[in-house]
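Listing of data.cif, mmCIF, C-alpha atoms and all ligand atoms
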```
data_data
loop_
_atom_site.label_atom_id
_atom_site.label_comp_id
_atom_site.auth_asym_id
_atom_site.auth_seq_id
_atom_site.Cartn_x
_atom_site.Cartn_y
_atom_site.Cartn_z
CA THR A 878 14.24 9.67 -32.74
CA ALA A 879 15.75 12.54 -34.74
CA ALA A 880 19.21 11.95 -33.27
CA MET A 881 18.95 8.25 -34.00
CA ILE A 882 17.94 8.92 -37.63
CA GLU A 883 20.91 11.23 -38.04
CA ARG A 884 23.27 8.68 -36.52
CA ARG A 885 21.84 5.96 -38.73
CA ASP A 886 22.25 8.04 -41.91
CA ALA A 887 25.82 8.84 -40.93
CA LEU A 888 26.66 5.20 -40.27
CA LEU A 889 24.67 3.30 -42.89
CA GLY A 890 24.74 5.76 -45.76
CA PRO A 891 22.06 6.93 -48.18
CA ALA A 892 20.74 3.66 -49.67
CA TYR A 893 18.64 2.62 -46.68
CA ARG A 894 15.03 3.74 -46.28
CA LEU A 895 12.85 3.96 -43.20
CA MET A 896 9.10 3.43 -43.29
CA TYR A 897 6.63 6.20 -42.43
CA GLU A 898 6.74 9.96 -42.08
CA HIS A 899 7.40 9.43 -38.38
CA PRO A 900 9.82 6.47 -38.39
CA LEU A 901 9.44 3.84 -35.72
CA HIS A 902 11.94 2.63 -33.15
CA ILE A 903 11.01 -0.94 -32.27
CA VAL A 904 12.60 -2.95 -29.49
CA ARG A 905 10.38 -5.99 -29.07
CA GLY A 906 8.01 -8.22 -31.03
CA GLU A 907 5.29 -10.40 -29.61
CA GLY A 908 2.72 -12.21 -31.76
CA VAL A 909 1.09 -9.61 -34.02
CA TRP A 910 2.53 -6.72 -32.00
CA LEU A 911 5.63 -4.57 -32.35
CA ILE A 912 6.59 -2.58 -29.28
CA ASP A 913 8.52 0.68 -28.99
CA PRO A 914 10.85 1.75 -26.11
CA ASP A 915 7.93 3.47 -24.31
CA GLY A 916 5.91 0.28 -24.38
CA ARG A 917 3.50 1.50 -27.07
CA ARG A 918 2.15 -1.47 -29.03
CA TYR A 919 1.65 -1.38 -32.80
CA LEU A 920 -0.52 -3.90 -34.63
CA ASP A 921 1.78 -5.23 -37.35
CA ILE A 922 -0.29 -6.09 -40.41
CA TYR A 923 2.67 -5.86 -42.78
CA ASN A 924 4.72 -8.86 -41.80
CA ASN A 925 4.86 -12.02 -43.79
CA VAL A 926 8.27 -12.88 -42.38
CA ALA A 927 7.10 -13.31 -38.80
CA SER A 928 4.23 -15.24 -40.33
CA LEU A 929 3.52 -17.24 -37.16
CA GLY A 930 3.73 -14.05 -35.09
CA HIS A 931 6.85 -12.32 -33.78
CA CYS A 932 9.14 -14.49 -31.64
CA HIS A 933 6.89 -17.54 -31.81
CA PRO A 934 7.95 -19.78 -28.89
CA ALA A 935 8.11 -22.96 -31.03
CA VAL A 936 10.65 -21.36 -33.38
CA THR A 937 12.61 -19.64 -30.62
CA GLU A 938 12.89 -22.92 -28.77
CA ALA A 939 13.95 -24.86 -31.87
CA ILE A 940 16.66 -22.26 -32.61
CA CYS A 941 17.95 -22.28 -29.02
CA ASN A 942 18.03 -26.05 -28.77
CA GLN A 943 19.93 -26.43 -32.04
CA VAL A 944 22.36 -23.55 -31.57
CA LYS A 945 23.49 -25.07 -28.27
CA VAL A 946 24.43 -28.32 -30.00
CA LEU A 947 25.67 -27.58 -33.52
CA ALA A 948 25.64 -24.62 -35.90
CA THR A 949 27.38 -25.63 -39.09
CA ASN A 950 27.10 -25.96 -42.84
CA THR A 951 25.95 -28.43 -45.49
CA ARG A 952 29.33 -30.12 -45.97
CA TYR A 953 28.58 -32.60 -43.22
CA LEU A 954 25.79 -35.12 -43.07
CA HIS A 955 22.96 -33.91 -40.85
CA ASP A 956 19.34 -34.91 -40.39
CA THR A 957 17.73 -31.45 -40.16
CA ILE A 958 18.31 -30.54 -43.81
CA LEU A 959 17.15 -33.94 -45.03
CA GLU A 960 14.02 -33.83 -42.93
CA LEU A 961 13.32 -30.30 -44.15
CA ALA A 962 13.70 -31.44 -47.77
CA GLU A 963 11.35 -34.37 -47.22
CA ARG A 964 8.77 -32.20 -45.51
CA LEU A 965 8.84 -29.43 -48.14
CA LEU A 966 8.79 -31.81 -51.11
CA ALA A 967 5.84 -33.63 -49.52
CA THR A 968 3.82 -30.41 -50.01
CA VAL A 969 3.97 -30.87 -53.81
CA PRO A 970 3.38 -34.61 -54.37
CA GLU A 971 1.49 -34.00 -57.61
CA THR A 972 4.56 -32.49 -59.31
CA ASP A 973 8.00 -33.56 -60.53
CA LEU A 974 9.61 -31.19 -58.01
CA THR A 975 11.97 -33.58 -56.26
CA HIS A 976 14.91 -31.52 -55.01
CA LEU A 977 15.48 -28.76 -52.46
CA MET A 978 18.37 -26.28 -52.58
CA LEU A 979 18.86 -23.75 -49.80
CA THR A 980 19.92 -20.10 -49.75
CA CYS A 981 19.79 -17.34 -47.11
CA THR A 982 17.56 -14.85 -48.97
CA GLY A 983 14.81 -14.79 -51.55
CA SER A 984 17.07 -12.79 -53.88
CA GLU A 985 19.66 -15.55 -53.81
CA ALA A 986 16.95 -18.11 -54.44
CA ASN A 987 15.80 -16.27 -57.58
CA ASP A 988 19.39 -15.65 -58.64
CA LEU A 989 20.13 -19.36 -58.35
CA ALA A 990 16.88 -20.26 -60.15
CA TYR A 991 17.85 -17.96 -63.02
CA ARG A 992 21.33 -19.51 -63.26
CA ILE A 993 19.78 -22.98 -63.32
CA ALA A 994 17.34 -21.87 -66.03
CA GLN A 995 20.16 -20.47 -68.16
CA VAL A 996 22.14 -23.70 -67.96
CA ARG A 997 19.07 -25.87 -68.62
CA THR A 998 17.81 -23.87 -71.62
CA GLY A 999 20.96 -22.35 -73.08
CA GLY A 1000 19.06 -19.05 -73.09
CA THR A 1001 19.19 -15.80 -71.13
CA GLY A 1002 15.78 -14.21 -71.84
CA VAL A 1003 13.54 -13.51 -68.85
CA ILE A 1004 9.91 -12.44 -68.79
CA VAL A 1005 8.42 -10.78 -65.69
CA THR A 1006 5.44 -8.53 -64.95
CA ASP A 1007 5.78 -4.76 -65.14
CA THR A 1008 5.89 -3.93 -61.42
CA ALA A 1009 7.51 -7.13 -60.16
CA TYR A 1010 10.17 -7.41 -57.48
CA HIS A 1011 12.36 -10.49 -57.43
CA GLY A 1012 15.38 -9.32 -55.42
CA PHE A 1013 18.55 -7.30 -55.07
CA THR A 1014 21.42 -9.21 -56.70
CA ASP A 1015 22.89 -7.86 -59.92
CA ALA A 1016 21.17 -10.47 -62.09
CA VAL A 1017 17.81 -10.37 -60.33
CA SER A 1018 17.58 -6.59 -59.90
CA LYS A 1019 17.78 -6.39 -63.71
CA PHE A 1020 14.37 -8.09 -63.81
CA SER A 1021 12.83 -6.27 -60.83
CA PRO A 1022 11.11 -3.28 -62.48
CA SER A 1023 9.54 -2.15 -59.19
CA LEU A 1024 13.01 -0.85 -58.26
CA GLY A 1025 12.17 1.90 -60.76
CA VAL A 1026 14.79 4.29 -61.97
CA THR A 1027 17.41 2.98 -59.55
CA VAL A 1028 18.20 -0.02 -61.76
CA ASP A 1029 18.33 -0.52 -65.53
CA LEU A 1030 16.52 -3.55 -66.84
CA GLY A 1031 18.64 -5.98 -68.84
CA VAL A 1032 18.49 -6.18 -72.65
CA HIS A 1033 17.45 -9.81 -72.17
CA VAL A 1034 14.42 -8.80 -70.04
CA ARG A 1035 10.85 -8.37 -71.30
CA LEU A 1036 8.01 -6.95 -69.23
CA VAL A 1037 4.40 -8.01 -69.59
CA PRO A 1038 1.49 -6.02 -68.09
CA ALA A 1039 0.49 -7.43 -64.71
CA PRO A 1040 -2.90 -9.16 -64.87
CA ARG A 1041 -5.01 -6.36 -63.35
CA LEU A 1042 -8.58 -7.62 -63.31
CA TYR A 1043 -9.92 -4.32 -61.88
CA HIS A 1044 -8.60 -2.51 -64.96
CA ALA A 1045 -9.35 -5.24 -67.51
CA GLU A 1046 -12.83 -3.96 -68.54
CA GLY A 1047 -14.40 -7.37 -69.01
CA ALA A 1048 -11.53 -8.82 -71.07
CA ASP A 1049 -10.55 -12.48 -70.74
CA LEU A 1050 -7.58 -11.94 -68.45
CA SER A 1051 -6.21 -15.43 -68.89
CA GLU A 1052 -6.20 -15.06 -72.67
CA ARG A 1053 -4.71 -11.56 -72.47
CA PHE A 1054 -1.89 -12.61 -70.12
CA THR A 1055 -1.06 -15.62 -72.30
CA ARG A 1056 -1.01 -13.41 -75.40
CA ASP A 1057 1.29 -10.90 -73.70
CA VAL A 1058 3.74 -13.63 -72.66
CA GLU A 1059 3.68 -15.09 -76.18
CA ALA A 1060 4.41 -11.65 -77.63
CA ALA A 1061 7.34 -11.22 -75.21
CA ILE A 1062 8.73 -14.61 -76.24
CA ALA A 1063 8.42 -13.66 -79.91
CA ASP A 1064 10.14 -10.33 -79.28
CA LEU A 1065 13.04 -12.01 -77.47
CA LYS A 1066 13.48 -14.39 -80.39
CA ARG A 1067 13.30 -11.56 -82.90
CA HIS A 1068 16.27 -10.02 -81.09
CA GLY A 1069 18.19 -13.29 -81.16
CA ILE A 1070 17.66 -13.93 -77.43
CA LYS A 1071 16.66 -17.43 -76.39
CA PRO A 1072 14.06 -17.49 -73.60
CA ALA A 1073 15.28 -18.97 -70.30
CA ALA A 1074 12.32 -18.35 -68.01
CA LEU A 1075 9.00 -16.76 -67.18
CA ILE A 1076 9.24 -15.76 -63.51
CA VAL A 1077 6.10 -14.74 -61.66
CA ASP A 1078 5.23 -13.97 -58.08
CA SER A 1079 2.13 -16.17 -58.10
CA LEU A 1080 0.13 -13.56 -56.13
CA PHE A 1081 1.64 -10.54 -57.96
CA THR A 1082 2.20 -8.84 -54.63
CA SER A 1083 4.35 -5.92 -55.87
CA ASP A 1084 2.07 -5.49 -58.87
CA GLY A 1085 -0.90 -4.80 -56.59
CA ILE A 1086 -2.01 -8.22 -55.22
CA LEU A 1087 -3.72 -9.94 -58.13
CA PRO A 1088 -5.14 -13.38 -57.37
CA GLU A 1089 -8.16 -13.52 -59.71
CA PRO A 1090 -9.37 -15.29 -61.69
CA ALA A 1091 -7.89 -18.55 -60.41
CA GLY A 1092 -6.23 -20.45 -63.25
CA PHE A 1093 -5.16 -17.44 -65.33
CA LEU A 1094 -1.48 -18.48 -65.24
CA LYS A 1095 -2.06 -21.72 -67.10
CA GLY A 1096 -1.73 -20.53 -70.69
CA ALA A 1097 1.36 -18.42 -69.94
CA ALA A 1098 3.10 -21.32 -68.18
CA GLU A 1099 2.41 -23.56 -71.18
CA ALA A 1100 3.65 -20.87 -73.58
CA ILE A 1101 7.05 -20.51 -71.94
CA LYS A 1102 7.48 -24.28 -71.74
CA ARG A 1103 6.59 -24.59 -75.45
CA ALA A 1104 9.28 -21.99 -76.18
CA GLY A 1105 11.88 -24.10 -74.35
CA GLY A 1106 11.99 -21.89 -71.22
CA LEU A 1107 11.29 -22.75 -67.60
CA PHE A 1108 8.29 -21.62 -65.60
CA ILE A 1109 9.47 -20.31 -62.23
CA ALA A 1110 7.01 -19.52 -59.43
CA ASP A 1111 8.36 -16.98 -56.93
CA GLU A 1112 6.64 -18.00 -53.69
CA VAL A 1113 8.66 -15.67 -51.46
CA GLN A 1114 5.48 -13.73 -50.61
CA PRO A 1115 2.56 -16.08 -51.29
CA GLY A 1116 4.16 -19.24 -49.89
CA PHE A 1117 3.79 -21.11 -46.62
CA GLY A 1118 0.00 -21.02 -46.44
CA ARG A 1119 -0.62 -17.31 -46.83
CA THR A 1120 -3.30 -17.80 -49.50
CA GLY A 1121 -5.41 -19.77 -47.02
CA GLU A 1122 -5.99 -22.44 -49.66
CA HIS A 1123 -2.78 -24.35 -50.20
CA MET A 1124 0.80 -24.18 -49.11
CA TRP A 1125 1.82 -22.39 -52.35
CA GLY A 1126 0.25 -19.64 -54.41
CA PHE A 1127 0.79 -21.35 -57.78
CA GLN A 1128 -1.51 -24.19 -56.70
CA ARG A 1129 -4.61 -22.00 -57.10
CA HIS A 1130 -3.77 -21.68 -60.81
CA GLY A 1131 -3.44 -25.42 -61.46
CA VAL A 1132 0.05 -24.97 -62.94
CA ILE A 1133 3.20 -26.97 -62.27
CA PRO A 1134 6.41 -24.93 -62.14
CA ASP A 1135 9.87 -26.22 -63.04
CA ILE A 1136 11.28 -24.26 -60.11
CA VAL A 1137 9.59 -22.79 -57.02
CA THR A 1138 11.51 -20.18 -55.02
CA LEU A 1139 10.93 -19.74 -51.28
CA GLY A 1140 11.89 -17.21 -48.64
CA LYS A 1141 10.55 -14.69 -46.12
CA PRO A 1142 8.27 -16.72 -43.79
CA MET A 1143 10.33 -19.89 -44.16
CA GLY A 1144 12.18 -19.42 -40.84
CA ASN A 1145 9.77 -16.92 -39.21
CA GLY A 1146 12.65 -14.41 -39.13
CA GLN A 1147 15.64 -16.74 -39.32
CA PRO A 1148 17.40 -16.09 -42.68
CA ILE A 1149 16.53 -19.17 -44.66
CA ALA A 1150 15.27 -19.35 -48.25
CA GLY A 1151 15.67 -21.72 -51.18
CA LEU A 1152 14.11 -23.45 -54.12
CA LEU A 1153 12.33 -26.62 -55.14
CA ALA A 1154 13.29 -27.92 -58.57
CA THR A 1155 12.70 -30.82 -60.90
CA ALA A 1156 15.46 -33.34 -61.55
CA ASP A 1157 15.35 -32.29 -65.20
CA ALA A 1158 15.95 -28.59 -64.40
CA LEU A 1159 18.90 -29.40 -62.17
CA ALA A 1160 20.68 -32.18 -64.07
CA GLU A 1161 22.97 -30.10 -66.27
CA PHE A 1162 23.61 -27.43 -63.62
CA GLY A 1163 24.64 -30.09 -61.11
CA LYS A 1164 27.07 -31.66 -63.55
CA ASN A 1165 28.89 -28.42 -64.25
CA SER A 1166 28.52 -26.37 -61.06
CA ARG A 1167 29.50 -26.92 -57.49
CA TYR A 1168 27.04 -25.28 -55.09
CA PHE A 1169 28.11 -24.13 -51.67
CA ASN A 1170 26.59 -21.29 -49.67
CA THR A 1171 28.31 -20.87 -46.30
CA PHE A 1172 25.29 -20.07 -44.15
CA ALA A 1173 22.50 -21.56 -46.25
CA GLY A 1174 21.07 -24.79 -44.90
CA ASN A 1175 22.90 -24.43 -41.60
CA THR A 1176 21.55 -26.64 -38.86
CA VAL A 1177 20.01 -23.76 -36.88
CA SER A 1178 18.08 -22.29 -39.82
CA CYS A 1179 16.84 -25.74 -40.80
CA ALA A 1180 15.62 -26.35 -37.25
CA ALA A 1181 13.73 -23.05 -37.38
CA ALA A 1182 12.16 -23.95 -40.73
CA LEU A 1183 11.05 -27.34 -39.41
CA ALA A 1184 9.40 -25.62 -36.43
CA VAL A 1185 7.61 -23.28 -38.87
CA LEU A 1186 6.19 -26.22 -40.84
CA ASP A 1187 5.13 -27.96 -37.60
CA THR A 1188 3.41 -24.83 -36.29
CA ILE A 1189 1.51 -24.10 -39.54
CA GLU A 1190 0.07 -27.60 -39.23
CA LYS A 1191 -0.43 -27.71 -35.47
CA GLU A 1192 -2.17 -24.33 -35.29
CA GLY A 1193 -4.20 -24.89 -38.49
CA LEU A 1194 -2.87 -21.61 -39.87
CA VAL A 1195 -3.86 -22.18 -43.51
CA GLN A 1196 -7.52 -22.56 -42.51
CA HIS A 1197 -7.21 -19.69 -40.04
CA ALA A 1198 -5.73 -17.43 -42.75
CA ALA A 1199 -8.72 -18.21 -44.97
CA ARG A 1200 -11.26 -17.44 -42.25
CA VAL A 1201 -9.79 -14.23 -40.82
CA GLY A 1202 -8.63 -13.00 -44.23
CA LYS A 1203 -12.22 -13.20 -45.44
CA LEU A 1204 -13.42 -11.23 -42.40
CA LEU A 1205 -10.89 -8.54 -43.27
CA ARG A 1206 -11.95 -8.36 -46.91
CA ASP A 1207 -15.65 -8.40 -46.10
CA GLY A 1208 -15.24 -5.67 -43.47
CA ILE A 1209 -13.21 -3.46 -45.80
CA SER A 1210 -15.67 -4.06 -48.66
CA GLU A 1211 -18.40 -2.72 -46.37
CA LEU A 1212 -16.37 0.45 -45.85
CA ALA A 1213 -16.49 0.97 -49.62
CA SER A 1214 -20.16 1.98 -49.36
CA ARG A 1215 -19.11 4.99 -47.26
CA HIS A 1216 -15.69 5.75 -48.75
CA GLU A 1217 -15.73 6.67 -52.45
CA ALA A 1218 -11.94 6.34 -52.54
CA ILE A 1219 -12.09 2.54 -52.17
CA GLY A 1220 -12.13 1.36 -55.78
CA ASP A 1221 -11.41 -2.31 -55.22
CA VAL A 1222 -10.88 -4.76 -52.36
CA ARG A 1223 -9.22 -8.02 -53.31
CA GLY A 1224 -6.94 -10.75 -52.13
CA VAL A 1225 -6.89 -14.30 -50.94
CA GLY A 1226 -6.24 -15.73 -47.48
CA MET A 1227 -4.26 -13.37 -45.29
CA PHE A 1228 -3.27 -11.05 -48.14
CA VAL A 1229 -5.51 -8.08 -48.89
CA GLY A 1230 -5.13 -5.29 -51.42
CA VAL A 1231 -7.24 -2.12 -51.19
CA GLU A 1232 -7.00 0.02 -54.32
CA LEU A 1233 -7.61 3.71 -53.64
CA VAL A 1234 -8.80 5.86 -56.53
CA SER A 1235 -9.55 9.54 -57.02
CA ASP A 1236 -12.45 8.71 -59.34
CA ARG A 1237 -14.32 5.41 -59.39
CA ALA A 1238 -15.40 5.87 -63.01
CA THR A 1239 -11.88 6.31 -64.43
CA ARG A 1240 -10.19 4.26 -61.65
CA ALA A 1241 -7.43 6.87 -61.51
CA PRO A 1242 -4.93 6.08 -58.74
CA ASP A 1243 -4.91 8.24 -55.61
CA ARG A 1244 -1.32 8.02 -54.54
CA GLU A 1245 -1.44 11.00 -52.16
CA LEU A 1246 -4.41 9.63 -50.23
CA THR A 1247 -2.76 6.20 -50.04
CA THR A 1248 0.38 7.68 -48.51
CA ARG A 1249 -1.73 9.72 -46.08
CA VAL A 1250 -3.76 6.67 -45.03
CA VAL A 1251 -0.61 4.60 -44.44
CA ASN A 1252 0.87 7.34 -42.23
CA ARG A 1253 -2.38 8.05 -40.37
CA MET A 1254 -2.78 4.35 -39.60
CA ARG A 1255 0.79 4.21 -38.34
CA ASP A 1256 0.04 7.14 -36.02
CA LYS A 1257 -3.03 5.26 -34.79
CA GLY A 1258 -0.94 2.17 -34.09
CA VAL A 1259 -1.56 -0.03 -37.16
CA LEU A 1260 1.38 -0.78 -39.47
CA LEU A 1261 0.92 -1.41 -43.19
CA SER A 1262 2.28 -0.13 -46.50
CA ALA A 1263 1.38 0.30 -50.17
CA CYS A 1264 2.31 -1.24 -53.52
CA ALA A 1265 1.42 -1.32 -57.25
CA MET A 1266 2.50 0.86 -60.16
CA GLY A 1267 0.43 3.84 -58.96
CA HIS A 1268 1.55 3.21 -55.39
CA ASN A 1269 -2.15 3.31 -54.53
CA VAL A 1270 -2.88 -0.18 -53.24
CA LEU A 1271 -2.83 -0.68 -49.48
CA LYS A 1272 -0.87 -3.86 -48.87
CA ILE A 1273 -2.23 -5.80 -45.90
CA ARG A 1274 -0.40 -9.01 -45.02
CA PRO A 1275 -0.56 -9.65 -41.28
CA PRO A 1276 1.03 -12.57 -39.51
CA LEU A 1277 -1.21 -15.58 -40.18
CA VAL A 1278 -2.23 -15.66 -36.51
CA LEU A 1279 -4.17 -12.36 -36.66
CA SER A 1280 -7.41 -12.86 -34.66
CA ALA A 1281 -10.94 -11.95 -35.74
CA GLU A 1282 -10.95 -9.23 -33.08
CA GLN A 1283 -7.70 -7.75 -34.38
CA ALA A 1284 -9.12 -7.85 -37.92
CA GLY A 1285 -11.99 -5.77 -36.57
CA MET A 1286 -9.49 -3.26 -35.20
CA VAL A 1287 -7.82 -2.98 -38.63
CA ILE A 1288 -11.18 -2.22 -40.26
CA GLU A 1289 -12.05 0.38 -37.62
CA VAL A 1290 -8.71 2.19 -37.90
CA LEU A 1291 -8.84 2.11 -41.71
CA ASP A 1292 -12.32 3.65 -41.51
CA GLU A 1293 -10.96 6.46 -39.34
CA ALA A 1294 -7.91 7.01 -41.53
CA LEU A 1295 -10.06 7.27 -44.67
CA THR A 1296 -12.38 9.71 -42.90
CA GLY A 1297 -9.38 11.84 -42.04
CA ARG A 1298 -9.88 11.46 -38.34
N1 LIG B 1 10.76 -12.19 -54.41
C1 LIG B 1 9.70 -11.52 -53.91
C2 LIG B 1 8.35 -11.74 -54.53
C3 LIG B 1 9.89 -10.63 -52.84
O1 LIG B 1 8.84 -9.96 -52.36
C4 LIG B 1 11.17 -10.47 -52.29
C5 LIG B 1 11.44 -9.54 -51.12
N2 LIG B 1 10.54 -8.51 -50.92
C6 LIG B 1 12.23 -11.18 -52.84
C7 LIG B 1 11.99 -12.04 -53.88
C8 LIG B 1 13.62 -11.03 -52.31
O2 LIG B 1 13.76 -11.62 -51.07
P1 LIG B 1 14.91 -11.14 -50.07
O3 LIG B 1 14.59 -9.78 -49.60
O4 LIG B 1 14.84 -12.18 -48.98
O5 LIG B 1 16.20 -11.22 -50.81
#
```

Rewrite the coordinates I just gave you, this time as structure tokens.
Amino acid sequence: TAAMIERRDALLGPAYRLMYEHPLHIVRGEGVWLIDPDGRRYLDIYNNVASLGHCHPAVTEAICNQVKVLATNTRYLHDTILELAERLLATVPETDLTHLMLTCTGSEANDLAYRIAQVRTGGTGVIVTDTAYHGFTDAVSKFSPSLGVTVDLGVHVRLVPAPRLYHAEGADLSERFTRDVEAAIADLKRHGIKPAALIVDSLFTSDGILPEPAGFLKGAAEAIKRAGGLFIADEVQPGFGRTGEHMWGFQRHGVIPDIVTLGKPMGNGQPIAGLLATADALAEFGKNSRYFNTFAGNTVSCAAALAVLDTIEKEGLVQHAARVGKLLRDGISELASRHEAIGDVRGVGMFVGVELVSDRATRAPDRELTTRVVNRMRDKGVLLSACAMGHNVLKIRPPLVLSAEQAGMVIEVLDEALTGR
């Protein structure tokens, strides 16, 4: 491994990062498992890209069948992209979201959404939460504060505190979040900056996984619309059934976005992402801009995405995510009676956050323990990571197909890792 790390650093340069104290060399994926060259199997509970499980046969087959026939772009008529648009738009019948545009990455999707918002509103101001991640392009990295010191935020960007219920001390979180967004809008205006959009990851996954209370986004979404900006839901992480309730995370809040951005699990590993938008949001942009993205919407990626939608339905993965996700949360909550460090266990569907604290009374983050637990679990064959401002929230987002038995294994290994065994 050491020689490979050295070779990698020499070839790829210093901007890449590996996970874990003892980095992994992985050569095969199979369902919820990642497999190293010696055949050791790791339970992957940190993968919302291979959301149906690694190398799901339905997706592999769809890719192979299509790539043998035609792999080309959106400048020709083809059924796959139209069928994909119809299928995705059918998931939001209660909204005015009537168009699909495709990209290759979630960053591009947010970048495009921001461009559309600027054209639609004539503004540039963006409001995001304080530990959000929305992508790597120049425009989008300027409103991705979780990148930390590596990127400067734009002068047109305003941060609002993420809605952290565990730290809210009985406050009305919905009211507080709305007030914070209103204050950000007012501050933008005071500086002569017209608001273009409020962009939120509807599960606040970089901010620490913050689903509760359902409905808290409503006031903030109304506030940005009142100010002439667009409400953009970033569904790159919560989308495609992960919440175990609906197809999209925003649906638990009863809000209707102007734009919804999609990515990660959309092709179960095939690079396909995109956005759903209203006719109103797109009208002006479409008049003045030509959109072409060489690889986005290619026939092979669209075939993969169609297979993903079929499989979510056929295997009942939304319901499954709800059931097994609850087992995970309940099991970890039980551990809290024996492990003082567990301050909070939260989440929805197959997304679980475990906040580790050095003192339950003050809720002070325990970053060191979190890092130790992540590495110990890796050594024991369970792969996860951490998020949030204090880097003290274990981020558990397994493929949706995780079984009840495998959930039990996660709980057991977490118990051991917290004990220091
Ligand atoms: N938005 C969110 C919420 C994300 O988590 C990510 C990726 N972690 C992105 C956007 C960017 O997606 P990509 O890496 O595909 O560009």

Fill in the blank from the handout: Judged by all atoms listed in the file, the minimum distance to Ala1218 in chain A among A:Val1270, A:Leu1295, A:Ala1181, A:Leu961 is found for A:Leu1295

Practice task
Using all atoms listed in the file, determine which residues lie at most 8 Å from Val1034 in chain A, disregarding the query and same-chain residues fewer than 4 positions distant; provide the list as a count of residues only.
Solution key: 7

Practice task
Taking all atoms listed in the file into account, report as a PyMOL selection string which residues have an atom no farther than 10 Å from an atom of ligand LIG 1 (chain B).
Solution key: chain A and resi 925-926+980-988+1009-1014+1017-1018+1021+1076-1084+1110-1116+1138-1142+1148-1151

Handout entry: Test item: which residues lie within 10 Å of (9.3, -30.4, -49.5) counting all atoms listed in the file, as a PyMOL selection string
Key = chain A and resi 959-970+974-977+1152-1153

Exercise for the section: Quote the spacing between CA of Glu1282 in chain A and CA of Leu1204 in chain A in Å to one decimal place. Expected result: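 Calculated distance between CA of Glu1282 in chain A and CA of Leu1204 in chain A is 9.8 Å.
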
Exercise for the section: Report the distance between CA of Lys1272 in chain A and CA of Arg1298 in chain A in Å, rounded to one decimal place. Expected result: 20.7 Å

Exercise for the section: Would you kindly return, as JSON, numbers by chain, each protein, DNA or RNA residue with an atom no farther than 12 Å from any atom of Arg1056 in chain A, considering only C-alpha atoms and excluding same-chain residues fewer than 5 positions away? Expected result: {"A": [1037, 1038, 1040, 1049, 1050, 1051, 1061, 1062, 1063, 1093, 1094, 1095, 1096, 1097, 1098, 1099, 1100, 1101]}

Exercise for the section: Mind giving me the straight-line distance from CA of His1123 in chain A to CA of Gly930 in chain A in Å, one decimal? Expected result: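 Calculated distance between CA of His1123 in chain A and CA of Gly930 in chain A is 19.4 Å.
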
Problem - Spatial neighbours of range 1237-1253 of chain A, max dist 10 Å, only C-alpha atoms, sep filter under 6 positions, as an MDAnalysis selection string - result: chainID A and resid 896:900 1043:1044 1217:1221 1231 1259:1272 1290:1298

Exercise for the section: Write out as a PyMOL selection string which residues come within 12 Å of range 933-940 of chain A when counting only C-alpha atoms, dropping same-chain ones fewer than 4 positions away. Expected result: chain A and resi 906-910+926-929+944-948+957+1142-1148+1175-1189+1191-1192+1276-1278

Handout entry: From A:Asp956, A:Leu901, A:Ser1166, A:Asp913, residue lying nearest Ala879 in chain A [only C-alpha atoms]
Key =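 Checking each of A:Asp956, A:Leu901, A:Ser1166, A:Asp913 against Ala879 in chain A, counting only C-alpha atoms, the winner is A:Leu901.
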
Exercise for the section: Scan for residues within 7 Å of the point (-4.2, -8.4, -40.6) in the coordinates of the file, using all atoms listed in the file, and reply as number ranges by chain. Expected result: A: 922, 1227, 1273-1276, 1279, 1284, 1287
